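Here is coords15.csv, consisting of CSV, C-alpha atoms (C1' of nucleotides):
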chain,number,residue,atom,x,y,z
K,1,MET,CA,109.0,94.0,102.5
K,2,ALA,CA,106.7,96.7,101.3
K,3,ARG,CA,104.4,95.5,98.7
K,4,ASN,CA,103.0,98.8,97.6
K,5,TYR,CA,102.3,102.4,98.5
K,6,ARG,CA,99.5,101.8,101.0
K,7,HIS,CA,101.2,98.8,102.6
K,8,ALA,CA,104.3,100.9,103.1
K,9,ILE,CA,102.4,103.6,104.9
K,10,GLU,CA,100.8,101.0,107.3
K,11,LEU,CA,104.2,99.5,107.9
K,12,GLN,CA,105.6,102.9,108.9
K,13,LYS,CA,102.8,103.4,111.3
K,14,LYS,CA,103.4,100.0,112.8
K,15,LEU,CA,107.2,100.4,113.0
K,16,SER,CA,107.0,103.9,114.4
K,17,SER,CA,105.6,102.5,117.7
K,18,LEU,CA,109.0,100.8,118.2
K,19,ARG,CA,110.9,104.1,118.0
K,20,ARG,CA,112.2,105.4,121.4
K,21,ARG,CA,113.2,108.8,122.4
K,22,VAL,CA,116.0,108.7,125.0
K,23,ARG,CA,119.2,110.5,125.6
K,24,LEU,CA,122.5,108.8,124.7
K,25,PRO,CA,123.6,106.7,127.7
K,26,LYS,CA,127.3,107.6,127.7
K,27,PRO,CA,129.8,110.1,126.2
K,28,VAL,CA,130.1,109.7,122.5
K,29,ARG,CA,133.4,108.3,121.4
K,30,THR,CA,132.5,107.0,117.9
K,31,VAL,CA,130.1,108.5,115.3
K,32,GLY,CA,128.8,106.7,112.2
K,33,GLY,CA,127.7,108.2,108.9
K,34,ALA,CA,125.5,106.5,106.2
K,35,ASP,CA,124.7,107.4,102.6
K,36,VAL,CA,123.4,105.7,99.5
K,37,ALA,CA,124.1,106.0,95.7
K,38,PHE,CA,122.7,104.4,92.6
K,39,SER,CA,124.1,102.7,89.6
K,40,PRO,CA,124.0,104.7,86.3
K,41,ASP,CA,121.0,102.7,85.1
K,42,GLY,CA,119.2,103.1,88.4
K,43,ARG,CA,118.6,99.4,88.9
K,44,TYR,CA,121.1,98.9,91.8
K,45,CYS,CA,122.1,100.9,94.8
K,46,VAL,CA,125.1,100.8,97.1
K,47,ALA,CA,125.2,102.0,100.7
K,48,ALA,CA,128.3,103.1,102.6
K,49,VAL,CA,128.7,103.3,106.4
K,50,VAL,CA,131.7,104.8,108.0
K,51,VAL,CA,132.7,105.0,111.7
K,52,LEU,CA,134.8,107.9,112.9
K,53,SER,CA,136.3,108.6,116.3
K,54,TYR,CA,134.8,111.5,118.2
K,55,PRO,CA,136.0,114.1,118.6
K,56,GLY,CA,138.9,113.8,116.1
K,57,PHE,CA,137.1,112.2,113.2
K,58,GLU,CA,139.7,109.6,112.4
K,59,GLU,CA,138.2,106.9,110.3
K,60,LEU,CA,138.0,103.6,112.2
K,61,GLU,CA,136.1,101.5,109.8
K,62,ARG,CA,134.2,101.6,106.5
K,63,VAL,CA,131.8,99.0,105.0
K,64,HIS,CA,129.4,98.9,102.0
K,65,SER,CA,126.7,96.8,100.6
K,66,ARG,CA,125.1,96.5,97.2
K,67,MET,CA,121.5,95.6,96.4
K,68,ARG,CA,118.9,95.7,93.6
K,69,VAL,CA,116.5,98.7,93.8
K,70,THR,CA,113.0,97.5,94.6
K,71,PHE,CA,111.1,100.6,95.5
K,72,PRO,CA,110.7,104.0,93.6
K,73,TYR,CA,111.4,107.3,95.2
K,74,ILE,CA,108.3,108.7,96.7
K,75,PRO,CA,108.4,111.7,99.1
K,76,GLY,CA,107.6,110.3,102.6
K,77,LEU,CA,108.5,106.7,101.6
K,78,LEU,CA,112.2,107.1,101.0
K,79,SER,CA,113.2,104.6,103.6
K,80,PHE,CA,111.6,101.7,101.6
K,81,ARG,CA,114.1,102.5,98.9
K,82,GLU,CA,117.2,103.2,101.0
K,83,ALA,CA,116.9,101.6,104.4
K,84,PRO,CA,117.4,97.9,103.3
K,85,VAL,CA,120.9,98.5,101.8
K,86,MET,CA,121.9,100.9,104.6
K,87,VAL,CA,121.0,98.3,107.2
K,88,ALA,CA,122.8,95.6,105.3
K,89,ALA,CA,125.9,97.6,105.2
K,90,ALA,CA,125.7,98.7,108.8
K,91,LYS,CA,125.5,95.0,109.9
K,92,LYS,CA,128.9,94.4,108.4
K,93,LEU,CA,130.6,96.7,110.9
K,94,SER,CA,132.7,94.9,113.4
K,95,CYS,CA,131.9,97.5,116.0
K,96,GLN,CA,128.6,99.5,116.5
K,97,PRO,CA,129.1,103.3,116.6
K,98,ASP,CA,127.7,105.1,119.7
K,99,VAL,CA,125.4,107.0,117.3
K,100,MET,CA,124.9,107.1,113.5
K,101,LEU,CA,124.1,110.1,111.4
K,102,VAL,CA,121.8,109.3,108.5
K,103,ASP,CA,121.5,111.3,105.3
K,104,GLY,CA,117.7,112.1,105.4
K,105,GLN,CA,115.0,113.0,107.9
K,106,GLY,CA,114.2,111.3,111.2
K,107,MET,CA,111.1,112.6,113.0
K,108,ALA,CA,110.6,115.5,110.6
K,109,HIS,CA,108.3,113.3,108.5
K,110,PRO,CA,104.6,113.1,107.9
K,111,ARG,CA,104.2,110.0,110.1
K,112,ARG,CA,107.3,110.8,112.2
K,113,PHE,CA,109.2,107.9,110.7
K,114,GLY,CA,111.8,109.1,108.2
K,115,LEU,CA,114.8,107.1,107.0
K,116,ALA,CA,116.9,107.8,110.2
K,117,CYS,CA,114.1,106.3,112.4
K,118,HIS,CA,113.6,103.3,110.1
K,119,VAL,CA,117.2,102.5,110.0
K,120,GLY,CA,117.6,103.0,113.7
K,121,VAL,CA,114.7,100.8,114.7
K,122,GLU,CA,115.8,98.0,112.3
K,123,LEU,CA,119.3,98.1,113.7
K,124,GLY,CA,118.3,98.9,117.3
K,125,TRP,CA,121.0,101.6,117.2
K,126,PRO,CA,120.9,105.3,118.1
K,127,THR,CA,120.5,107.4,114.9
K,128,ILE,CA,120.0,111.1,114.0
K,129,GLY,CA,118.4,112.4,110.8
K,130,CYS,CA,120.5,115.0,109.0
K,131,ALA,CA,118.9,116.2,105.8
K,132,LYS,CA,120.1,118.7,103.2
K,133,SER,CA,116.6,120.0,102.5
K,134,ARG,CA,113.1,120.1,104.0
K,135,LEU,CA,110.5,117.4,103.6
K,136,MET,CA,107.8,119.1,105.7
K,137,GLY,CA,107.3,121.6,108.5
K,138,THR,CA,107.5,125.3,108.8
K,139,HIS,CA,110.2,127.5,110.4
K,140,ARG,CA,111.7,130.9,110.6
K,141,GLN,CA,115.1,131.6,109.0
K,142,PRO,CA,118.0,131.2,111.4
K,143,GLY,CA,120.6,133.9,111.7
K,144,GLN,CA,123.6,133.8,109.4
K,145,ARG,CA,126.2,132.8,112.0
K,146,LYS,CA,127.3,129.2,112.5
K,147,GLY,CA,125.2,127.6,115.2
K,148,CYS,CA,122.1,129.7,114.7
K,149,ARG,CA,119.0,127.5,114.7
K,150,CYS,CA,115.2,127.6,114.6
K,151,ARG,CA,112.6,125.0,115.5
K,152,LEU,CA,111.1,123.0,112.7
K,153,MET,CA,107.3,122.9,113.4
K,154,ASP,CA,104.3,120.9,112.3
K,155,GLY,CA,101.5,122.9,113.7
K,156,ASP,CA,102.4,123.3,117.4
K,157,GLU,CA,104.6,120.2,117.4
K,158,VAL,CA,108.4,120.5,117.3
K,159,ILE,CA,109.6,117.9,114.7
K,160,GLY,CA,113.2,119.0,114.2
K,161,THR,CA,115.8,121.8,114.1
K,162,VAL,CA,116.9,124.0,111.2
K,163,LEU,CA,120.6,124.5,111.7
K,164,ARG,CA,123.1,126.8,110.3
K,165,SER,CA,126.1,124.5,110.2
K,166,ARG,CA,128.5,127.1,108.8
K,167,GLU,CA,128.3,130.8,108.3
K,168,ALA,CA,126.2,132.0,105.4
K,169,ILE,CA,125.3,128.7,103.9
K,170,LYS,CA,122.0,126.9,103.3
K,171,CYS,CA,120.8,125.3,106.6
K,172,ILE,CA,120.6,121.6,107.3
K,173,TYR,CA,117.6,119.8,108.9
K,174,VAL,CA,118.3,117.8,112.0
K,175,SER,CA,115.7,115.6,113.7
K,176,GLU,CA,115.6,112.6,116.1
K,177,GLY,CA,116.0,109.2,114.7
K,178,HIS,CA,115.9,106.3,117.2
K,179,LEU,CA,117.3,106.3,120.7
K,180,THR,CA,118.3,110.0,120.6
K,181,GLU,CA,116.9,113.3,121.8
K,182,LEU,CA,116.7,116.5,119.7
K,183,ASP,CA,118.8,119.0,121.7
K,184,GLN,CA,121.6,116.5,122.2
K,185,ALA,CA,121.4,115.5,118.6
K,186,VAL,CA,121.7,119.1,117.4
K,187,ARG,CA,124.7,119.8,119.6
K,188,LEU,CA,126.5,116.6,118.4
K,189,VAL,CA,125.7,117.4,114.7
K,190,LEU,CA,127.0,120.9,115.1
K,191,ARG,CA,130.2,119.7,116.6
K,192,CYS,CA,130.6,117.3,113.7
K,193,CYS,CA,130.4,120.2,111.3
K,194,VAL,CA,134.1,121.2,111.3
K,195,ARG,CA,134.7,123.0,108.1
K,196,TYR,CA,131.9,122.1,105.7
K,197,ARG,CA,128.1,122.3,105.6
K,198,LEU,CA,127.6,118.7,106.3
K,199,PRO,CA,128.9,116.8,109.4
K,200,GLU,CA,132.1,114.8,108.9
K,201,PRO,CA,130.6,111.3,109.2
K,202,ILE,CA,128.0,112.1,106.4
K,203,ARG,CA,130.7,113.7,104.2
K,204,SER,CA,132.9,110.6,104.6
K,205,ALA,CA,130.1,108.2,103.8
K,206,HIS,CA,129.1,110.4,100.8
K,207,ASN,CA,132.7,110.5,99.5
K,208,PHE,CA,133.0,106.7,99.9
K,209,VAL,CA,129.7,106.0,98.2
K,210,THR,CA,130.6,108.3,95.3
K,211,GLN,CA,133.9,106.5,94.7
K,212,LEU,CA,132.1,103.1,94.9
K,213,ARG,CA,129.5,104.3,92.3
K,214,ALA,CA,132.3,105.2,89.9
K,215,ASN,CA,133.9,101.7,90.4
K,216,ARG,CA,132.7,99.4,87.6
K,217,LYS,CA,133.5,96.3,89.7
K,218,VAL,CA,130.8,97.4,92.2
K,219,TRP,CA,128.1,97.0,89.6
K,220,ASN,CA,129.5,94.1,87.7
K,221,GLN,CA,129.1,91.5,90.4
K,222,ASN,CA,126.5,88.8,90.1
K,223,GLU,CA,123.3,88.7,92.1
K,224,LEU,CA,123.5,86.9,95.4
L,1,DG,C1',92.0,120.9,91.5
L,2,DC,C1',96.8,123.0,92.7
L,3,DG,C1',101.2,123.0,94.7
L,4,DA,C1',104.8,120.7,97.8
L,5,DC,C1',107.7,117.0,97.9
L,6,DA,C1',114.2,113.8,102.2
L,7,DG,C1',117.2,111.1,98.3
J,1,DA,C1',119.4,110.6,93.6
J,2,DT,C1',121.3,111.6,88.5
J,3,DC,C1',122.2,114.3,84.2
J,4,DT,C1',125.7,118.4,83.1
J,5,DT,C1',129.9,123.5,82.1
J,6,DG,C1',131.2,127.2,83.3
J,7,DT,C1',131.8,130.4,86.7
J,8,DC,C1',132.0,133.3,90.9
J,9,DG,C1',134.5,133.8,95.3
J,10,DC,C1',137.8,132.8,99.2
Please lay out the structure from this file as structure tokens.
Amino acid sequence: MARNYRHAIELQKKLSSLRRRVRLPKPVRTVGGADVAFSPDGRYCVAAVVVLSYPGFEELERVHSRMRVTFPYIPGLLSFREAPVMVAAAKKLSCQPDVMLVDGQGMAHPRRFGLACHVGVELGWPTIGCAKSRLMGTHRQPGQRKGCRCRLMDGDEVIGTVLRSREAIKCIYVSEGHLTELDQAVRLVLRCCVRYRLPEPIRSAHNFVTQLRANRKVWNQNEL
DNA sequence: GCGACAG
DNA sequence: ATCTTGTCGC
């Protein structure tokens, strides 16, 4: 898809016009989580997508997909490396989740088109970006109590929310993906943070992808 | 030119 | 992301 660095940036600008900012239409009953891991030699990647009930977080379904790595990691262009496998895995689900949490930024991106936006637009699904660290933007430090938050800014534009998902831990970065709205996204993500720093759907996807990575059979299959 | 920089 | 050991704290 993306030939090179420059082409990828133009593609982001083009695709970003397809992103929509709307509130979720109905009460959330299922939440998806997506994450990616790489083979020991770095030539292949595997994506995991899980769907949990909400609230309750019972696992309803899990799928995965493997693919050859075709793009290097470049800050700002992560989606060209991870979106393809993530989308391929998500398409294997028998039932679309009401909203999907993606391990990376959404709008908190130089061209407002991080991994969560890219995956959301390609699937046509509501997505939320939930990153473990900052890509860009400035912010004050939220209070130490769970639920404390500060706006993530790029100049005078709000691009996301820095959220304390548990007491006294490093904050997470929440931003709009596709078909979602920031305040609603932050409330949902916070409710998904039951006992750990990361929301349950992302933790489940991460645990799954970690066990897949350790499974030799996952990497020993032939090319399709 | 220098530093920053999701996973 | 991945490579790596012990270690501090609840």
Return the neighbours of chain K among the residues of chain L, cut-off 9 Å, counting all atoms listed in the file, as a PyMOL selection string.
chain L and resi 4-7
*asked:* Please identify all residues of chain J having at least one atom at most 12 Å from any atom of chain K, considering all atoms listed in the file, and return them as JSON, numbers by chain.
replied: {"J": [1, 2, 3]}
As an exercise, work out the distance from atom CA of K:Gly124 to atom CA of K:Ser165 in Å and give it to one decimal place.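 Pair atom CA of K:Gly124 / atom CA of K:Ser165 returns 27.7 Å.
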Each residue of stretch 64-164 of chain K with at least one atom at most 12 Å from stretch 29-34 of chain K should appear once, together with its nearest atom pair and the corresponding distance in Å (one decimal); atoms considered: only C-alpha atoms; ordering: chain, then increasing residue number; output as a tab-separated table.
residue	atom	partner	partner_atom	distance
K:His64	CA	K:Ala34	CA	9.5
K:Ser65	CA	K:Ala34	CA	11.3
K:Glu82	CA	K:Ala34	CA	10.3
K:Ala83	CA	K:Ala34	CA	10.1
K:Val85	CA	K:Ala34	CA	10.2
K:Met86	CA	K:Ala34	CA	6.8
K:Val87	CA	K:Ala34	CA	9.4
K:Ala88	CA	K:Ala34	CA	11.3
K:Ala89	CA	K:Ala34	CA	9.0
K:Ala90	CA	K:Ala34	CA	8.2
K:Leu93	CA	K:Gly32	CA	10.2
K:Cys95	CA	K:Thr30	CA	9.7
K:Gln96	CA	K:Gly32	CA	8.4
K:Pro97	CA	K:Thr30	CA	5.2
K:Asp98	CA	K:Thr30	CA	5.5
K:Val99	CA	K:Val31	CA	5.3
K:Met100	CA	K:Gly32	CA	4.1
K:Leu101	CA	K:Gly33	CA	4.8
K:Val102	CA	K:Ala34	CA	5.2
K:Asp103	CA	K:Ala34	CA	6.3
K:Gly104	CA	K:Ala34	CA	9.6
K:Leu115	CA	K:Ala34	CA	10.7
K:Ala116	CA	K:Ala34	CA	9.6
K:Val119	CA	K:Ala34	CA	10.0
K:Gly120	CA	K:Ala34	CA	11.4
K:Trp125	CA	K:Gly32	CA	10.6
K:Pro126	CA	K:Gly32	CA	10.0
K:Thr127	CA	K:Gly32	CA	8.8
K:Ile128	CA	K:Gly33	CA	9.7
K:Gly129	CA	K:Ala34	CA	10.3
K:Cys130	CA	K:Gly33	CA	9.9
K:Ala131	CA	K:Ala34	CA	11.7
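Straight-line separation from atom CA of K:Gln12 to atom CA of K:Met107: 11.9 Å.
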* Using all atoms listed in the file, pick whichever of K:Ile202, K:Arg195, K:Asp183, K:Ile159 has the shortest atom-to-atom distance to K:Lys146. =>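 So, comparing all the options, the nearest one is K:Arg195.
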Separating atom CA of K:Leu60 from atom CA of K:Glu176, to the nearest tenth of an Å, is a gap of 24.5 Å
Please list as a compact mmCIF listing (two decimals) with C-alpha atoms, keeping the file's coordinate frame every residue within 8 Å of K:Arg66, counting all atoms listed in the file and excluding residues in the same chain fewer than 4 positions away.
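around.txt, written as the output of this step:
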# COMPACT_ATOMS: atom_id res chain seq x y z
CA TYR K 44 121.10 98.90 91.80
CA CYS K 45 122.10 100.90 94.80
CA VAL K 46 125.10 100.80 97.10
CA ALA K 47 125.20 102.00 100.70
CA VAL K 85 120.90 98.50 101.80
CA VAL K 218 130.80 97.40 92.20
Next item on the list: Excluding K:Leu18 and any residue of its chain fewer than 5 positions from it, enumerate the residues within 10 Å of it, using only C-alpha atoms (C1' of nucleotides), and give them as a PyMOL selection string.
Entry: chain K and resi 13+117-118+120-122+124+178
Write a file for chain J of the given structure; include N, CA and C atoms (P, O5', C5', C4', C3', O3' and C1' of nucleotides) and format it as a compact mmCIF listing (two decimals), in the first residue's frame.
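Output file selection_39.txt is given in full below:
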# COMPACT_ATOMS: atom_id res chain seq x y z
P DA J 1 5.32 -3.23 23.64
O5' DA J 1 6.00 -3.08 22.21
C5' DA J 1 5.25 -3.40 21.06
C4' DA J 1 6.11 -4.15 20.05
C3' DA J 1 7.02 -5.16 20.75
O3' DA J 1 7.02 -6.45 20.12
C1' DA J 1 8.32 -3.51 19.60
P DT J 2 7.41 -7.68 21.10
O5' DT J 2 9.00 -7.67 21.02
C5' DT J 2 9.64 -7.68 19.75
C4' DT J 2 11.13 -7.86 19.96
C3' DT J 2 11.44 -8.68 21.22
O3' DT J 2 12.47 -9.62 20.95
C1' DT J 2 12.48 -6.57 21.38
P DC J 3 12.79 -10.64 22.11
O5' DC J 3 14.22 -10.13 22.61
C5' DC J 3 15.18 -9.69 21.66
C4' DC J 3 16.45 -9.29 22.39
C3' DC J 3 16.72 -10.08 23.68
O3' DC J 3 18.11 -10.42 23.74
C1' DC J 3 16.67 -7.76 24.15
P DT J 4 18.59 -11.56 24.59
O5' DT J 4 18.63 -10.81 25.99
C5' DT J 4 17.99 -11.34 27.14
C4' DT J 4 18.54 -10.62 28.33
C3' DT J 4 18.03 -11.19 29.64
O3' DT J 4 19.06 -11.17 30.61
C1' DT J 4 17.41 -8.93 29.47
P DT J 5 18.89 -12.19 31.78
O5' DT J 5 18.98 -11.24 33.06
C5' DT J 5 20.23 -11.15 33.75
C4' DT J 5 19.96 -11.09 35.24
C3' DT J 5 18.99 -12.16 35.70
O3' DT J 5 19.41 -12.68 36.97
C1' DT J 5 18.07 -9.99 36.06
P DG J 6 18.36 -13.12 38.06
O5' DG J 6 18.48 -11.84 39.01
C5' DG J 6 19.69 -11.08 38.99
C4' DG J 6 19.48 -9.77 39.69
C3' DG J 6 18.94 -9.92 41.12
O3' DG J 6 19.59 -8.95 41.98
C1' DG J 6 17.38 -8.71 39.83
P DT J 7 19.17 -8.87 43.49
O5' DT J 7 18.00 -7.80 43.43
C5' DT J 7 18.23 -6.53 42.84
C4' DT J 7 17.02 -5.65 43.09
C3' DT J 7 16.42 -5.81 44.50
O3' DT J 7 16.02 -4.53 44.99
C1' DT J 7 14.77 -6.19 42.87
P DC J 8 16.17 -4.29 46.57
O5' DC J 8 15.02 -3.23 46.82
C5' DC J 8 14.87 -2.11 45.93
C4' DC J 8 13.39 -1.76 45.82
C3' DC J 8 12.64 -1.89 47.15
O3' DC J 8 11.81 -0.74 47.36
C1' DC J 8 11.53 -3.11 45.47
P DG J 9 11.04 -0.62 48.75
O5' DG J 9 9.57 -1.02 48.33
C5' DG J 9 8.84 -0.25 47.37
C4' DG J 9 7.43 -0.79 47.26
C3' DG J 9 6.79 -1.14 48.61
O3' DG J 9 5.41 -0.76 48.60
C1' DG J 9 6.78 -3.04 47.23
P DC J 10 4.64 -0.79 50.00
O5' DC J 10 3.26 -1.48 49.60
C5' DC J 10 2.50 -1.00 48.48
C4' DC J 10 1.51 -2.07 48.06
C3' DC J 10 0.68 -2.65 49.21
O3' DC J 10 -0.63 -2.97 48.75
C1' DC J 10 1.92 -4.38 48.22
